[in-house]
Amino acid sequence: MQFDLWVNQFKSFPMKIIAQKYKDGSLTMLDVPAPAIKAGGVLVRNTFSVISAGTEMMKVSESKMSLLGKARARPDQVRKVMQTLSQQGPLATYQKVMNRLDTYTPLGYSIAGVVEEVGEGVDGMSAGQRVACAGNQYALHAELNWVPVNLCVSIPDNVSDEQAAFTTVGSISMQGFRQSELRLGETAVVIGLGLLGQVLVRILNAAGVHVYGVDMDPDRCRLAEEGGATACATVNGANFDAMVDAMWQSTNGAGADCVFLTAAGKSNQPVELAAELARDRARIVDVGKCSVDLPWDAYAAKELEFRFSRSYGPGRYDPFYEEGGVDYPIGYVRWTEKRNMSSFMSLLSQGAIDLKPLIDGVHDFDEAVSVYERMNAGDLSGVGILFRYPSQVAIKKAVVPAPARAATGRGENPVRLGVIGCGNYANTMLLPHLKARAGIKFVEVSTTTPLSGMNAQSKFGFETVSTDSSRIFENPDVDAVLVLTPHSSHADLVCDALRAGKAVFVEKPLAINAQQLQSIARTVAETGNDRIMVGFNRRFSPILSDLKNLFGSTSEVGVLQYRVNAGRLDASSWHADRFNQGGRFVGEGCHFVDTASWWFGADPVSVVAAAASDDPDNLVATVSYENGAQATISYVTSGDPRYPKERMEAFGHGAAAKMDNFSSGEVWRKGRVKKVRALSANKGQKEQMNAFVDSLQTGGQMPIKFLSLLNTTAVTIAAEMSIARGRVVSVAEVLSA
């Protein structure tokens, strides 16, 4: 579908959002569904949002670079790409990278608005309440946002929405101030007088700190002096020496107690200048994003202490705090990011700081694309630029009616799909295979965030996009539901689909605990609907199929070893949330249990597992099968992440087989070896999706019998129980607990 036709098709959606495509830097105002209301947060109608001339315009500028330029600008992302390349091969890596580049992403992180709807479990907030919100995933330049409760604070009656919209920026500056540990009467220098620097100057002044400032722009220096700075000067300007002399005189020749780096760029000059202006044993606090190459002689001579200030404060990047709503006890963590936001709001309410002079322009949100373009071209400048939003935005989950259905494949009635959730894995590893196949109709996609659904629609041609998954279950035009959401939601969505009479494909795992697994078993028994497929794709891998055929009979007693170099997860990854999403062996280990079950042609009956003392996900599990076979799965998180991820070895029937990371394999029998190789690492996703669709089109059995799905999932849950209890745990124990 052509992009302009796609955009025009959704003019009736109830809200607007500004989005950017990182591939070419293009910015677009999209009409999208309202975000879904979820527990633990509130739905907020924006009144004003702040454009960060530093953070956001850096992102806009990076997106317009060549691929090489993007790589140089984001070496952290290059390292992730190289890790994926070593473990998954060039094809999968290319698909993932291009999908991310060709996907619209939102902008913004600091807003003020009005609560329209309150999610379950949220106390102290009500509809109609004015709030300021933070978060580059939540407080977006959009007419409506869902925001977790720990990223929202109330706006006092005497604070305007315009000034309250700066609260996120204010909390970043506030955290920098807290890292400095400055006291009343001490002296600070702020290097970089953009928006963060300007706000920080005002916070320091309110705290009774003598402030000096340095910037390249004389207008910003004057603005900082108006905000309370004692003196400011441009670097290498005519007044620079005078400003430095004044600072030395005011400190009796000692120098600044703290120097803040709020500048951005690749120059190391701010770091070097900080050492010159700081007193002996002073602190340097990095709040911005500049080059940090500490000159050893200068820093060692004064024993300078260098500190980083992480965004809004403690809680940032912690999913338990930000998304789970779990607060830190004030006796242990005095200033969390929400408390920093509240503290900044108090300063506004008390009149201790005034941000009106920082507001250089207020633009209607409809003009967002042109505003960004003018800023990027240098035609629009200033430290504080705001978007103003319409006073009313209708909140409705309604979407445009689907056009008349036309046959698209085998026969007149193709398989009609509804998809719930559409992340990077779905976009690269699953849905493209369905798009390339005849006999598929993409009817509806439902995602929590509006842009995810719109990205999926643009790529795969879904007729309808929404943020309300219940629509899919109620839609008579949907034959099968694909559940591609985070792990904790799988079981409930599977049960809803089965009760609605739909066939269902759910990405692994089927469930994350015994209670969820039992609820699925009961639902199947009650409805008689067992049309379930779980994304256990390894058994469909061509190279494993070839090896099994060469191996011969695998039904007799055998031994299988599967080593998985899983690697450690970033703490911010939702996969690392054991409490809400289950352990990693439950989430991914099911792949390898299923592969062994398929290889042996038998169901597992029990498991014994043990984990390393430092990481419960770093484990070894031995699974016993009904035919006496044994499978040992080593799920390793402590290895080199660049080492190939998977190796399987199987023994029995006088033969041995080995598979290395789905790229090569060999079978040994009677001293002779037969080798197989793959052009690319193929883990069987395409073959898996084809098998699922074939079963729907023919009305035949699901590719994996339901009992096998239950038993495989039960083994992964039993492994967690075995680690905790120190004994063998049976499958029956999980299913009957």
# chains A, B, ... in the order shown; residues from 1 in each chain; ligands from 1

call {"tool": "residues_around", "arguments": {"residues": "Asp215 in chain A", "least_positions_apart": "5", "cutoff": "7 Å", "atoms": "only C-alpha atoms", "output": "count of residues only"}}
result
7

call {"tool": "residues_around", "arguments": {"residues": "range 360-369 of chain A", "least_positions_apart": "6", "cutoff": "8 Å", "atoms": "only C-alpha atoms", "output": "list in words"}}
result
Ile18, Leu27, Thr28, Met29, Ser381, Gly382, Val383, Gly384, Ile385, Leu386, Phe387, Arg388 and Tyr389 of chain A

call {"tool": "select_by_dssp", "arguments": {"residues": "range 299-446 of chain A", "states": "helix (DSSP H, G or I)", "output": "PyMOL selection string"}}
result
chain A and resi 299-302+319-322+337-350+356-358+365-377+424-435

call {"tool": "closest_residue", "arguments": {"among": "A:Leu482, A:Met247, A:Ile111, A:Ala610", "to": "Met341 in chain A", "atoms": "only C-alpha atoms"}}
result
A:Ile111

call {"tool": "closest_residue", "arguments": {"among": "A:Ser736, A:Gln561, A:Ser664, A:Thr449", "to": "Cys422 in chain A", "atoms": "only C-alpha atoms"}}
result
A:Thr449

call {"tool": "closest_residue", "arguments": {"among": "A:Arg677, A:Lys645, A:Arg531, A:Arg568", "to": "Gln701 in chain A", "atoms": "only C-alpha atoms"}}
result
A:Arg531

call {"tool": "atom_distance", "arguments": {"atom1": "CA of Lys674 in chain A", "atom2": "CA of Leu550 in chain A"}}
result
8.0 Å

call {"tool": "residues_around", "arguments": {"residues": "Phe240 in chain A", "least_positions_apart": "2", "cutoff": "12 Å", "atoms": "only C-alpha atoms", "output": "compact mmCIF listing (two decimals) with C-alpha atoms, in the first residue's frame"}}
result
# COMPACT_ATOMS: atom_id res chain seq x y z
CA TYR A 212 28.76 31.69 37.07
CA GLY A 213 28.08 30.57 33.52
CA VAL A 214 29.91 29.86 30.27
CA ASP A 215 28.44 29.42 26.79
CA MET A 216 29.21 30.09 23.14
CA PRO A 218 26.16 35.83 24.36
CA CYS A 221 24.79 34.35 28.83
CA ALA A 231 28.24 36.70 35.81
CA CYS A 232 28.43 34.78 32.54
CA ALA A 233 30.74 34.94 29.55
CA THR A 234 31.31 33.42 26.16
CA VAL A 235 34.24 31.08 25.75
CA ASN A 236 37.27 33.07 24.57
CA GLY A 237 35.10 36.20 24.53
CA ALA A 238 36.27 39.66 25.56
CA ALA A 242 36.76 39.35 33.66
CA MET A 243 34.17 36.72 34.58
CA VAL A 244 36.87 34.28 35.67
CA ASP A 245 38.61 36.98 37.72
CA ALA A 246 35.32 37.82 39.44
CA MET A 247 34.80 34.15 40.29
CA LEU A 273 37.81 24.16 31.23
CA LEU A 277 37.83 26.71 37.13

call {"tool": "residues_around", "arguments": {"residues": "Trp668 in chain A", "least_positions_apart": "5", "cutoff": "12 Å", "atoms": "only C-alpha atoms", "output": "PyMOL selection string"}}
result
chain A and resi 547-548+550-552+649-659+673-676

call {"tool": "residues_around", "arguments": {"residues": "range 489-502 of chain A", "least_positions_apart": "5", "cutoff": "10 Å", "atoms": "only C-alpha atoms", "output": "ChimeraX atom specification"}}
result
/A:417-418,420,469-470,472-476,478-484,507-513,515-524,526-532,580-581

call {"tool": "write_last_selection", "arguments": {"atoms": "C-alpha atoms", "output": "PDB file, in the first residue's frame"}}
result
ATOM      1  CA  LEU A 417      -5.855 -12.855  11.016  1.00  0.00           C
ATOM      2  CA  GLY A 418      -6.099 -10.596  14.042  1.00  0.00           C
ATOM      3  CA  ILE A 420      -2.312  -8.541  19.289  1.00  0.00           C
ATOM      4  CA  SER A 469      -7.606  -6.087  21.950  1.00  0.00           C
ATOM      5  CA  SER A 470     -11.162  -7.128  22.865  1.00  0.00           C
ATOM      6  CA  ILE A 472     -10.325  -8.754  17.822  1.00  0.00           C
ATOM      7  CA  PHE A 473     -12.088 -11.436  19.858  1.00  0.00           C
ATOM      8  CA  GLU A 474     -15.468  -9.921  19.006  1.00  0.00           C
ATOM      9  CA  ASN A 475     -14.689  -9.491  15.303  1.00  0.00           C
ATOM     10  CA  PRO A 476     -16.517 -12.146  13.227  1.00  0.00           C
ATOM     11  CA  VAL A 478     -11.181 -12.842  12.337  1.00  0.00           C
ATOM     12  CA  ASP A 479     -10.509 -16.590  12.059  1.00  0.00           C
ATOM     13  CA  ALA A 480      -7.267 -16.802  14.013  1.00  0.00           C
ATOM     14  CA  VAL A 481      -5.559 -14.617  16.606  1.00  0.00           C
ATOM     15  CA  LEU A 482      -1.797 -14.129  16.860  1.00  0.00           C
ATOM     16  CA  VAL A 483      -0.732 -13.239  20.424  1.00  0.00           C
ATOM     17  CA  LEU A 484       2.644 -11.489  20.203  1.00  0.00           C
ATOM     18  CA  GLU A 507       4.585 -16.648  20.816  1.00  0.00           C
ATOM     19  CA  LYS A 508       6.371 -18.601  23.542  1.00  0.00           C
ATOM     20  CA  PRO A 509       5.869 -19.137  26.416  1.00  0.00           C
ATOM     21  CA  LEU A 510       2.325 -20.442  26.631  1.00  0.00           C
ATOM     22  CA  ALA A 511       2.202 -19.495  30.336  1.00  0.00           C
ATOM     23  CA  ILE A 512       4.631 -18.301  33.008  1.00  0.00           C
ATOM     24  CA  ASN A 513       3.296 -20.171  36.043  1.00  0.00           C
ATOM     25  CA  GLN A 515      -1.927 -21.307  37.617  1.00  0.00           C
ATOM     26  CA  GLN A 516      -1.892 -19.798  34.127  1.00  0.00           C
ATOM     27  CA  LEU A 517      -1.117 -23.149  32.528  1.00  0.00           C
ATOM     28  CA  GLN A 518      -3.953 -24.834  34.381  1.00  0.00           C
ATOM     29  CA  SER A 519      -6.380 -22.073  33.335  1.00  0.00           C
ATOM     30  CA  ILE A 520      -5.555 -22.778  29.678  1.00  0.00           C
ATOM     31  CA  ALA A 521      -6.093 -26.512  30.188  1.00  0.00           C
ATOM     32  CA  ARG A 522      -9.478 -25.820  31.823  1.00  0.00           C
ATOM     33  CA  THR A 523     -10.490 -23.466  29.013  1.00  0.00           C
ATOM     34  CA  VAL A 524      -9.688 -26.102  26.402  1.00  0.00           C
ATOM     35  CA  GLU A 526     -14.666 -26.316  28.784  1.00  0.00           C
ATOM     36  CA  THR A 527     -14.778 -25.019  25.194  1.00  0.00           C
ATOM     37  CA  GLY A 528     -13.545 -28.070  23.326  1.00  0.00           C
ATOM     38  CA  ASN A 529     -11.330 -25.675  21.360  1.00  0.00           C
ATOM     39  CA  ASP A 530      -7.735 -26.895  21.273  1.00  0.00           C
ATOM     40  CA  ARG A 531      -6.701 -25.006  18.129  1.00  0.00           C
ATOM     41  CA  ILE A 532      -3.523 -23.668  19.727  1.00  0.00           C
ATOM     42  CA  ASN A 580       6.106 -10.059  36.212  1.00  0.00           C
ATOM     43  CA  GLN A 581       7.341 -11.906  33.124  1.00  0.00           C
TER      44      GLN A 581
END
